[in-house]
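Novice: Input file: coords-v5.cif. Contents: mmCIF, C-alpha atoms.
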```
data_final
#
loop_
_atom_site.label_atom_id
_atom_site.label_comp_id
_atom_site.auth_asym_id
_atom_site.auth_seq_id
_atom_site.Cartn_x
_atom_site.Cartn_y
_atom_site.Cartn_z
CA MET A 1 42.63 -37.29 29.46
CA LEU A 2 39.71 -36.45 31.72
CA GLY A 3 40.18 -33.37 33.85
CA ALA A 4 40.37 -33.40 37.62
CA SER A 5 36.97 -31.68 37.79
CA VAL A 6 35.28 -35.03 37.03
CA HIS A 7 37.41 -37.22 39.28
CA SER A 8 34.61 -37.64 41.84
CA ASP A 9 32.64 -39.94 39.54
CA LEU A 10 34.45 -40.93 36.39
CA THR A 11 32.04 -43.71 35.48
CA ALA A 12 29.01 -41.40 35.72
CA PHE A 13 30.80 -38.78 33.63
CA ILE A 14 31.64 -41.28 30.90
CA HIS A 15 28.08 -42.59 30.88
CA ALA A 16 26.65 -39.08 30.62
CA GLU A 17 29.03 -38.04 27.86
CA TRP A 18 29.15 -41.19 25.72
CA ASN A 19 26.53 -43.61 27.10
CA VAL A 20 29.25 -46.16 27.86
CA GLU A 21 29.06 -48.28 31.02
CA THR A 22 32.45 -48.72 32.68
CA TRP A 23 34.02 -50.10 35.85
CA LEU A 24 36.71 -47.99 37.49
CA LEU A 25 40.02 -49.79 37.93
CA HIS A 26 42.21 -46.79 38.86
CA ASP A 27 41.56 -43.05 38.72
CA GLY A 28 45.18 -42.23 37.96
CA GLY A 29 45.48 -40.05 41.04
CA LEU A 30 42.84 -37.51 40.02
CA SER A 31 41.06 -37.88 43.35
CA PHE A 32 44.30 -36.80 45.03
CA GLY A 33 44.70 -33.74 42.82
CA MET A 34 47.44 -35.43 40.80
CA GLU A 35 47.72 -35.54 37.05
CA GLY A 36 47.28 -39.04 35.73
CA THR A 37 45.48 -41.27 33.27
CA PRO A 38 42.51 -43.15 34.71
CA ARG A 39 41.97 -46.79 33.82
CA LEU A 40 38.50 -48.18 33.33
CA GLN A 41 37.03 -51.38 31.97
CA ALA A 42 34.19 -51.13 29.45
CA LEU A 43 31.22 -53.33 30.35
CA SER A 44 30.08 -53.86 26.76
CA ASN A 45 31.46 -53.74 23.23
CA VAL A 46 28.97 -51.11 22.09
CA VAL A 47 30.79 -48.30 20.30
CA PRO A 48 29.45 -44.75 20.80
CA ASP A 49 28.38 -42.91 17.67
CA GLY A 50 31.28 -41.26 15.95
CA MET A 51 33.88 -43.31 17.81
CA ALA A 52 35.79 -46.52 17.28
CA TRP A 53 37.61 -48.93 19.57
CA GLU A 54 41.37 -48.84 19.26
CA VAL A 55 43.85 -51.27 20.77
CA ALA A 56 46.43 -49.16 22.55
CA ALA A 57 49.71 -50.14 24.15
CA VAL A 58 48.89 -49.45 27.80
CA PRO A 59 51.92 -50.00 30.03
CA PRO A 60 51.39 -52.12 33.14
CA LEU A 61 50.56 -50.16 36.27
CA PRO A 62 53.60 -50.51 38.58
CA GLY A 63 52.62 -52.25 41.80
CA ALA A 64 48.98 -52.61 40.71
CA ARG A 65 46.71 -54.48 43.10
CA GLU A 66 44.47 -57.27 41.86
CA TRP A 67 41.47 -54.96 41.68
CA GLN A 68 43.36 -52.39 39.58
CA ARG A 69 44.15 -54.76 36.71
CA PRO A 70 42.25 -55.52 33.50
CA GLY A 71 39.91 -58.44 33.92
CA TRP A 72 39.24 -57.73 37.60
CA LEU A 73 35.49 -57.41 37.19
CA SER A 74 35.18 -60.96 35.83
CA ALA A 75 37.26 -62.31 38.71
CA LEU A 76 35.20 -60.30 41.20
CA LYS A 77 31.90 -61.60 39.88
CA ALA A 78 33.09 -65.19 39.91
CA ARG A 79 34.42 -64.89 43.45
CA LEU A 80 31.30 -63.22 44.79
CA GLU A 81 28.81 -65.44 42.99
CA GLY A 82 30.60 -68.51 44.32
CA VAL A 83 30.29 -67.27 47.90
CA LEU A 84 26.66 -66.25 47.51
CA SER A 85 25.77 -69.60 45.96
CA GLU A 86 27.25 -71.45 48.94
CA HIS A 87 24.85 -69.52 51.18
CA GLY A 88 21.80 -69.86 48.96
CA LEU A 89 22.00 -66.25 47.79
CA SER A 90 22.28 -64.61 44.40
CA PRO A 91 22.90 -61.04 43.24
CA ALA A 92 19.73 -58.98 42.80
CA GLY A 93 21.19 -56.02 40.97
CA PRO A 94 24.38 -54.49 39.62
CA LEU A 95 27.50 -54.41 41.76
CA LYS A 96 28.29 -51.09 43.39
CA LEU A 97 31.88 -49.96 43.87
CA LEU A 98 32.02 -48.21 47.26
CA SER A 99 35.74 -47.47 47.41
CA SER A 100 38.95 -48.44 45.68
CA ASN A 101 42.52 -47.41 46.42
CA ASP A 102 45.93 -48.97 46.91
CA LEU A 103 44.97 -50.30 50.34
CA ALA A 104 41.69 -52.05 49.55
CA THR A 105 38.57 -52.17 47.45
CA VAL A 106 35.01 -52.53 48.76
CA VAL A 107 32.05 -53.62 46.65
CA GLU A 108 28.37 -53.86 47.62
CA ALA A 109 26.05 -56.46 46.10
CA ALA A 110 22.30 -56.47 46.70
CA THR A 111 20.56 -59.80 47.26
CA LEU A 112 16.89 -60.57 47.79
CA ALA A 113 17.59 -60.76 51.53
CA ASP A 114 19.93 -57.84 52.14
CA SER A 115 23.21 -56.39 50.97
CA VAL A 116 26.53 -58.17 51.18
CA PHE A 117 29.92 -56.51 51.07
CA LEU A 118 33.08 -57.84 49.50
CA LYS A 119 36.39 -56.36 50.56
CA VAL A 120 39.77 -57.27 49.12
CA ALA A 121 42.74 -55.79 50.98
CA ALA A 122 46.40 -55.43 50.15
CA HIS A 123 47.34 -57.14 53.43
CA PRO A 124 45.89 -60.40 54.80
CA ARG A 125 45.81 -59.35 58.47
CA GLU A 126 42.30 -57.89 58.39
CA VAL A 127 40.94 -61.10 56.91
CA ALA A 128 42.69 -63.20 59.56
CA VAL A 129 41.55 -60.99 62.44
CA THR A 130 37.97 -60.79 61.19
CA SER A 131 37.84 -64.55 60.71
CA HIS A 132 39.16 -65.09 64.25
CA LEU A 133 36.67 -62.68 65.79
CA ALA A 134 33.81 -64.21 63.82
CA ARG A 135 34.59 -67.53 65.49
CA GLN A 136 35.40 -66.30 68.99
CA HIS A 137 33.24 -63.15 69.34
CA PRO A 138 30.49 -63.26 66.69
CA ALA A 139 28.43 -60.63 68.52
CA PHE A 140 31.08 -57.99 67.80
CA LEU A 141 30.84 -57.92 64.00
CA PRO A 142 28.54 -58.47 61.01
CA PRO A 143 28.01 -62.08 59.87
CA VAL A 144 31.02 -63.28 57.89
CA LEU A 145 30.15 -65.36 54.84
CA TYR A 146 33.68 -65.87 53.55
CA ALA A 147 37.22 -65.12 54.68
CA ASN A 148 40.22 -66.17 52.62
CA THR A 149 43.74 -65.05 53.56
CA ALA A 150 45.14 -66.47 50.30
CA THR A 151 43.19 -63.87 48.30
CA ASN A 152 42.80 -61.33 51.15
CA THR A 153 39.05 -61.47 50.58
CA LEU A 154 36.19 -60.89 53.03
CA VAL A 155 32.49 -61.19 52.30
CA THR A 156 30.08 -60.10 55.03
CA ARG A 157 26.36 -59.53 55.32
CA SER A 158 24.96 -56.15 56.15
CA GLY A 159 24.82 -55.47 59.87
CA GLY A 160 22.65 -52.37 59.84
CA SER A 161 23.09 -48.64 59.29
CA LEU A 162 26.29 -46.68 59.77
CA LEU A 163 26.20 -45.27 63.27
CA ASP A 164 26.95 -41.66 62.32
CA GLY A 165 23.59 -41.46 60.52
CA VAL A 166 21.63 -42.68 63.55
CA GLY A 167 20.06 -40.17 65.93
CA GLU A 168 19.09 -42.49 68.79
CA LEU A 169 21.40 -42.19 71.78
CA GLU A 170 20.93 -45.85 72.74
CA ALA A 171 22.55 -46.98 69.49
CA TRP A 172 25.63 -44.91 70.27
CA THR A 173 25.91 -46.06 73.86
CA VAL A 174 25.46 -49.71 72.85
CA ALA A 175 28.27 -49.30 70.29
CA LEU A 176 30.55 -48.03 73.04
CA HIS A 177 29.49 -50.87 75.33
CA GLN A 178 30.44 -53.29 72.57
CA LEU A 179 33.79 -51.57 72.10
CA ALA A 180 34.53 -51.88 75.83
CA ARG A 181 33.46 -55.54 75.77
CA PHE A 182 35.84 -56.24 72.91
CA GLN A 183 38.70 -54.51 74.70
CA THR A 184 38.18 -56.50 77.89
CA ASP A 185 37.14 -59.87 76.39
CA ALA A 186 39.33 -60.34 73.30
CA ASP A 187 42.37 -62.59 73.52
CA ALA A 188 45.47 -60.38 73.20
CA SER A 189 47.79 -63.33 72.61
CA ALA A 190 45.62 -64.62 69.76
CA LEU A 191 45.64 -61.19 68.12
CA ALA A 192 49.41 -60.98 68.52
CA ALA A 193 49.77 -64.39 66.86
CA LEU A 194 47.81 -63.01 63.89
CA GLY A 195 50.35 -60.21 63.50
CA CYS A 196 48.50 -57.43 65.29
CA PRO A 197 51.02 -54.94 66.71
CA ALA A 198 51.25 -53.82 70.33
CA TRP A 199 51.37 -50.12 71.21
CA PRO A 200 52.04 -49.94 74.98
CA LEU A 201 51.06 -46.62 76.51
CA LEU A 202 54.45 -45.63 77.92
CA ASP A 203 56.20 -46.64 74.72
CA MET A 204 53.67 -44.61 72.71
CA ALA A 205 54.29 -41.59 74.95
CA GLN A 206 57.97 -41.70 74.03
CA ARG A 207 57.19 -42.24 70.35
CA VAL A 208 54.83 -39.26 70.29
CA ASP A 209 57.33 -36.96 71.99
CA ALA A 210 60.13 -37.99 69.62
CA PHE A 211 57.88 -37.60 66.60
CA LEU A 212 56.76 -34.11 67.60
CA SER A 213 60.39 -33.05 68.06
CA ASP A 214 61.22 -34.13 64.49
CA THR A 215 60.51 -30.91 62.60
CA PRO A 216 61.88 -32.16 59.23
CA THR A 217 59.53 -35.17 59.27
CA LEU A 218 56.52 -33.06 60.27
CA THR A 219 57.37 -30.65 57.48
CA ALA A 220 57.79 -33.48 54.97
CA TRP A 221 54.21 -34.48 55.79
CA SER A 222 53.19 -30.96 54.65
CA LEU A 223 51.97 -30.00 58.09
CA LYS A 224 51.53 -26.24 58.26
CA PRO A 225 54.09 -24.32 60.34
CA ASP A 226 51.45 -23.00 62.76
CA LYS A 227 50.29 -26.56 63.48
CA ILE A 228 53.88 -27.67 64.06
CA ALA A 229 54.42 -24.77 66.44
CA THR A 230 51.23 -25.57 68.37
CA LEU A 231 52.08 -29.24 68.77
CA GLN A 232 55.69 -28.61 69.74
CA ALA A 233 54.62 -26.03 72.32
CA ALA A 234 52.25 -28.62 73.75
CA ARG A 235 54.92 -31.30 74.22
CA PRO A 236 55.27 -30.77 78.02
CA ALA A 237 51.48 -30.92 78.45
CA ILE A 238 51.28 -34.01 76.24
CA ARG A 239 53.97 -35.76 78.29
CA ALA A 240 52.17 -34.83 81.52
CA SER A 241 48.86 -36.17 80.22
CA PHE A 242 50.41 -39.47 79.16
CA GLU A 243 51.93 -39.73 82.65
CA ALA A 244 48.57 -39.02 84.28
CA LEU A 245 46.92 -41.65 82.12
CA ALA A 246 49.57 -44.21 83.06
CA ALA A 247 49.23 -43.35 86.75
CA HIS A 248 45.49 -44.06 86.65
CA GLY A 249 46.33 -47.72 86.19
CA LEU A 250 44.14 -48.96 83.35
CA PRO A 251 46.08 -51.72 81.55
CA ASP A 252 46.79 -51.89 77.85
CA LEU A 253 44.09 -53.97 76.16
CA PRO A 254 43.23 -55.26 72.67
CA ALA A 255 42.24 -52.39 70.39
CA HIS A 256 40.03 -52.02 67.34
CA GLY A 257 42.53 -49.47 66.06
CA ASP A 258 40.10 -47.38 63.99
CA ALA A 259 37.07 -47.09 66.24
CA HIS A 260 34.94 -44.32 64.77
CA PRO A 261 31.19 -44.07 64.09
CA ARG A 262 31.52 -44.98 60.40
CA ASN A 263 33.09 -48.30 61.37
CA ALA A 264 30.15 -49.14 63.63
CA LEU A 265 26.68 -50.34 62.68
CA ALA A 266 23.30 -49.99 64.36
CA GLY A 267 20.94 -52.79 63.43
CA THR A 268 18.51 -55.37 64.69
CA ARG A 269 21.30 -57.26 66.44
CA GLU A 270 23.53 -55.61 69.00
CA ASN A 271 25.59 -52.85 67.49
CA LEU A 272 28.44 -54.22 65.42
CA TRP A 273 31.96 -53.15 64.52
CA PHE A 274 33.77 -53.75 61.24
CA ASP A 275 37.03 -52.82 59.47
CA TRP A 276 39.55 -54.55 61.72
CA SER A 277 42.50 -53.59 59.50
CA GLU A 278 44.18 -51.58 62.28
CA ALA A 279 43.50 -53.97 65.17
CA ALA A 280 46.20 -54.08 67.84
CA SER A 281 46.96 -56.75 70.40
CA ALA A 282 47.54 -54.07 73.05
CA ALA A 283 47.01 -50.32 73.43
CA HIS A 284 45.51 -48.12 76.10
CA PRO A 285 41.72 -48.42 75.72
CA PHE A 286 41.33 -44.63 75.62
CA MET A 287 43.22 -44.59 72.31
CA ASP A 288 40.15 -46.24 70.75
CA ALA A 289 37.61 -44.23 72.73
CA GLY A 290 39.44 -40.94 72.23
CA TRP A 291 39.40 -41.33 68.44
CA PHE A 292 35.70 -42.25 68.55
CA LEU A 293 34.95 -39.06 70.46
CA ALA A 294 37.19 -36.89 68.27
CA PHE A 295 35.39 -38.13 65.15
CA ALA A 296 31.90 -37.68 66.57
CA LEU A 297 32.61 -34.22 68.05
CA HIS A 298 34.42 -32.74 65.05
CA PRO A 299 32.91 -29.30 64.18
CA ALA A 300 32.27 -30.48 60.60
CA ARG A 301 29.83 -33.05 62.03
CA ALA A 302 27.72 -30.59 63.99
CA ASN A 303 24.71 -31.48 61.85
CA LEU A 304 24.78 -35.20 62.57
CA PRO A 305 21.35 -36.28 63.88
CA ILE A 306 22.88 -37.34 67.22
CA ARG A 307 24.67 -33.99 67.65
CA ILE A 308 21.48 -32.05 67.01
CA ALA A 309 19.46 -34.22 69.38
CA TYR A 310 22.03 -34.17 72.22
CA PRO A 311 24.07 -30.98 72.70
CA ASP A 312 25.70 -32.69 75.71
CA LEU A 313 26.72 -35.69 73.62
CA GLU A 314 30.31 -35.75 74.83
CA SER A 315 29.44 -36.20 78.49
CA ARG A 316 26.80 -38.81 77.68
CA LEU A 317 29.17 -40.86 75.52
CA CYS A 318 32.00 -40.62 78.03
CA ALA A 319 29.73 -41.78 80.84
CA ALA A 320 28.41 -44.73 78.82
CA TYR A 321 31.86 -45.93 77.75
CA LEU A 322 33.48 -45.52 81.17
CA HIS A 323 30.62 -47.33 82.89
CA ALA A 324 31.03 -50.25 80.48
CA LEU A 325 34.79 -50.29 81.03
CA GLY A 326 34.37 -50.19 84.81
CA CYS A 327 36.08 -46.87 85.55
CA PRO A 328 33.32 -44.26 85.87
CA ASP A 329 35.67 -41.89 87.71
CA ALA A 330 37.92 -41.30 84.67
CA SER A 331 35.83 -38.79 82.67
CA ALA A 332 38.43 -36.01 82.94
CA LEU A 333 41.19 -38.38 81.84
CA LEU A 334 39.15 -39.59 78.89
CA ALA A 335 38.47 -36.02 77.76
CA GLN A 336 42.16 -35.13 77.81
CA SER A 337 42.99 -38.39 76.05
CA ILE A 338 41.32 -37.17 72.85
CA PRO A 339 44.44 -35.35 71.57
CA LEU A 340 46.62 -38.24 72.80
CA ALA A 341 44.54 -40.70 70.77
CA LEU A 342 44.94 -38.54 67.66
CA LEU A 343 48.71 -38.34 68.18
CA HIS A 344 48.78 -42.10 68.75
CA ARG A 345 47.16 -42.59 65.35
CA ALA A 346 49.55 -40.16 63.65
CA VAL A 347 52.56 -42.06 65.00
CA VAL A 348 51.13 -45.44 63.94
CA TYR A 349 50.47 -44.20 60.41
CA ASP A 350 53.84 -42.47 60.17
CA ALA A 351 55.53 -45.80 60.89
CA ARG A 352 53.44 -47.40 58.17
CA PHE A 353 53.48 -44.76 55.44
CA ARG A 354 56.59 -42.62 55.83
CA ASP A 355 58.46 -44.60 53.15
CA TRP A 356 55.40 -46.02 51.40
CA GLN A 357 55.38 -46.45 47.62
CA GLY A 358 52.05 -46.82 45.85
CA THR A 359 50.64 -46.75 42.34
CA VAL A 360 50.31 -42.96 42.20
CA PRO A 361 53.76 -41.38 41.82
CA ASN A 362 54.78 -38.89 44.51
CA TRP A 363 51.73 -39.55 46.68
CA ARG A 364 51.23 -41.43 49.94
CA PRO A 365 48.19 -41.76 52.22
CA GLN A 366 47.67 -38.52 54.11
CA TYR A 367 46.48 -39.88 57.43
CA VAL A 368 49.44 -38.43 59.34
CA PRO A 369 48.84 -34.72 58.63
CA TYR A 370 45.10 -35.26 59.06
CA TYR A 371 45.46 -36.60 62.60
CA LEU A 372 48.14 -34.09 63.52
CA GLY A 373 45.89 -31.26 62.39
CA LEU A 374 43.05 -32.60 64.53
CA ALA A 375 45.40 -33.01 67.49
CA ALA A 376 46.63 -29.43 67.17
CA ARG A 377 43.07 -28.23 67.62
CA GLU A 378 42.40 -30.55 70.56
CA VAL A 379 45.53 -29.88 72.67
CA GLU A 380 43.58 -27.18 74.48
CA ARG A 381 41.94 -30.07 76.34
CA LEU A 382 45.23 -30.77 78.11
CA PRO A 383 45.01 -29.30 81.60
CA THR A 384 48.60 -28.03 81.69
CA PHE A 385 48.68 -26.60 78.16
CA ALA A 386 49.28 -22.86 78.32
CA GLY A 387 48.26 -22.17 74.69
#
```
Would you write out, as structure tokens, the structure that this file holds?
Specialist:
Amino acid sequence: MLGASVHSDLTAFIHAEWNVETWLLHDGGLSFGMEGTPRLQALSNVVPDGMAWEVAAVPPLPGAREWQRPGWLSALKARLEGVLSEHGLSPAGPLKLLSSNDLATVVEAATLADSVFLKVAAHPREVAVTSHLARQHPAFLPPVLYANTATNTLVTRSGGSLLDGVGELEAWTVALHQLARFQTDADASALAALGCPAWPLLDMAQRVDAFLSDTPTLTAWSLKPDKIATLQAARPAIRASFEALAAHGLPDLPAHGDAHPRNALAGTRENLWFDWSEAASAAHPFMDAGWFLAFALHPARANLPIRIAYPDLESRLCAAYLHALGCPDASALLAQSIPLALLHRAVVYDARFRDWQGTVPNWRPQYVPYYLGLAAREVERLPTFAG
């Protein structure tokens, strides 16, 4: 079994060691620090010197997704080539696996024109939402070549560069303008009909408070005791900030649900948003904007080109978003909404993953402790938090 030290690129390791080309089906949990047996598909029948192929009895992977099963690469190529052919395109190089886990897989294919991206998800909602938005609001997202809810498959053209690698302020402000336009223009009832949940602000305030009072659940998520103590001490300030946000009067609106700079693109068209897997039919708009700001302003991203170019980035982004949303007077509320947005996300993911069972035993997605940890650092933004 390959050691965890090579989990970051199993296919490259195998190629370097044995000159065998492979396609990763499942890393066995090595990327999560778990002990497991990775599963890969050989791309040729060439046998390395000193070795021989052996047919082994490999048990089925419990709960395996389509892209984690033997034979997936052939199905992937057929699916992608069929879509590209319909649009007069053809692959211009090898497929590139960008990510693969229990929730989805994403593959990039170069064509003579540009890159296209194929995503297959475990749940059909993202495909349905993306297809709907492509029809009703095509300016919000990259061109969709194919959307099939039967196979949970999306194929889209490239829409530009990931926003977090772009140093021009205009690209960032246009992305926030687009986010505000989506929030105000999208049809909430249509999103609800597609299965997108609603997270009303006052309901979320109660959910957050109850969640933070649940010490056993916070502990079960492996949140460190000091973080639990910080968040529980901040509960009165968190409640007060939710109340202040409600009193301001902005209504709940459609939400992207995961609005951060690596889900936004800067290109020749207006800036575009993708990954609509967490879209909601209703949430307070600052839950999107607060997460965008928290991501961009994280200390680990201090060397982003935009952060280096604009030390006052927070105030510039807040002003651009609030102007687009039509409430330029709410900069203080938006700033104190950053920890609320992080807690909002933790509660949403707790509801989804608390009892989740995947293909890696004794592991579940760790979004909840991640967002709680970020929120614990940001509660100092709350005006009534005593620290």
Novice: Residue by residue, what does the PyMOL selection byres ((chain A and resi 120) around 8) grab here? Present the result as a PyMOL selection string.
Specialist: chain A and resi 67+104-106+118-119+121-122+151-154
Novice: With distances taken over only C-alpha atoms, which of A:Leu340, A:Met204, A:Leu133, A:Val360 is nearest to A:Ala186?
Specialist: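 Nearest to A:Ala186: A:Leu133.
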Novice: With distances taken over all atoms listed in the file, which residue among A:Pro94, A:Gly267, A:Pro311, A:Gly88 lies nearest A:Ala171?
Specialist: A:Gly267
Novice: When you draw a straight line from atom CA of A:Ala52 to atom CA of A:Ala16, how long is it in Å?
Specialist: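 Computing the Euclidean distance for atom CA of A:Ala52 and atom CA of A:Ala16 yields 17.8 Å.
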Novice: Using only C-alpha atoms, what residues lie at most 10 Å away from (35.5, -68.1, 59.8) (file coordinates), given as a ChimeraX atom specification?
Specialist: /A:127-136,138,143-148,154
Novice: Using the chain letters and numbers from the file, give me the residues hit by the PyMOL selection byres ((chain A and resi 213-224) around 12), as an MDAnalysis selection string.
Specialist: chainID A and resid 206:212 225:236 346:347 349:351 353:355 363:376
Novice: Can you tell me, as a PyMOL selection string, which residues sit within 10 Å of (34.6, -43.0, 61.3) in the file's frame, using all atoms listed in the file?
Specialist: chain A and resi 162-164+258-264+291-296
Novice: So which one's closest to A:Gly249, A:Ile306, A:Cys318, A:Ala330, A:Leu25? Using only C-alpha atoms, please.
Specialist: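 For A:Gly249, the nearest of the candidates is A:Ala330.
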Novice: Go through stretch 233-273 of chain A and flag each residue having an atom no more than 12 Å from stretch 189-200 of chain A; for those, report the closest pair of atoms plus their distance in Å to one decimal, using only C-alpha atoms, ordered by chain and rising number, as a tab-separated table.
Specialist:
```
residue	atom	partner	partner_atom	distance
A:Phe242	CA	A:Pro200	CA	11.4
A:Ala246	CA	A:Pro200	CA	10.2
A:Leu250	CA	A:Pro200	CA	11.6
A:Pro251	CA	A:Pro200	CA	9.0
A:Asp252	CA	A:Pro200	CA	6.3
A:Leu253	CA	A:Pro200	CA	9.0
A:Pro254	CA	A:Leu191	CA	7.9
A:Ala255	CA	A:Ala198	CA	9.1
A:His256	CA	A:Cys196	CA	10.3
A:Gly257	CA	A:Cys196	CA	10.0
```
Novice: From the options A:His137, A:Arg157, A:His177, A:His344, which residue's atoms come nearest to A:Asp203, counting only C-alpha atoms?
Specialist: A:His344
Novice: The PyMOL selection byres ((chain A and resi 111) around 12) - which residues does that actually catch in the file I just gave you? List them as JSON, numbers by chain.
Specialist: {"A": [80, 81, 84, 85, 87, 88, 89, 90, 91, 92, 93, 94, 95, 108, 109, 110, 112, 113, 114, 115, 116, 117, 157, 158]}
Novice: Would you please work out which residue, of A:Leu334, A:Leu98, A:Leu265, A:Ala309, is nearest to A:His248 when using only C-alpha atoms?
Specialist: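 Residue with the minimum atom-to-atom distance to A:His248: A:Leu334.
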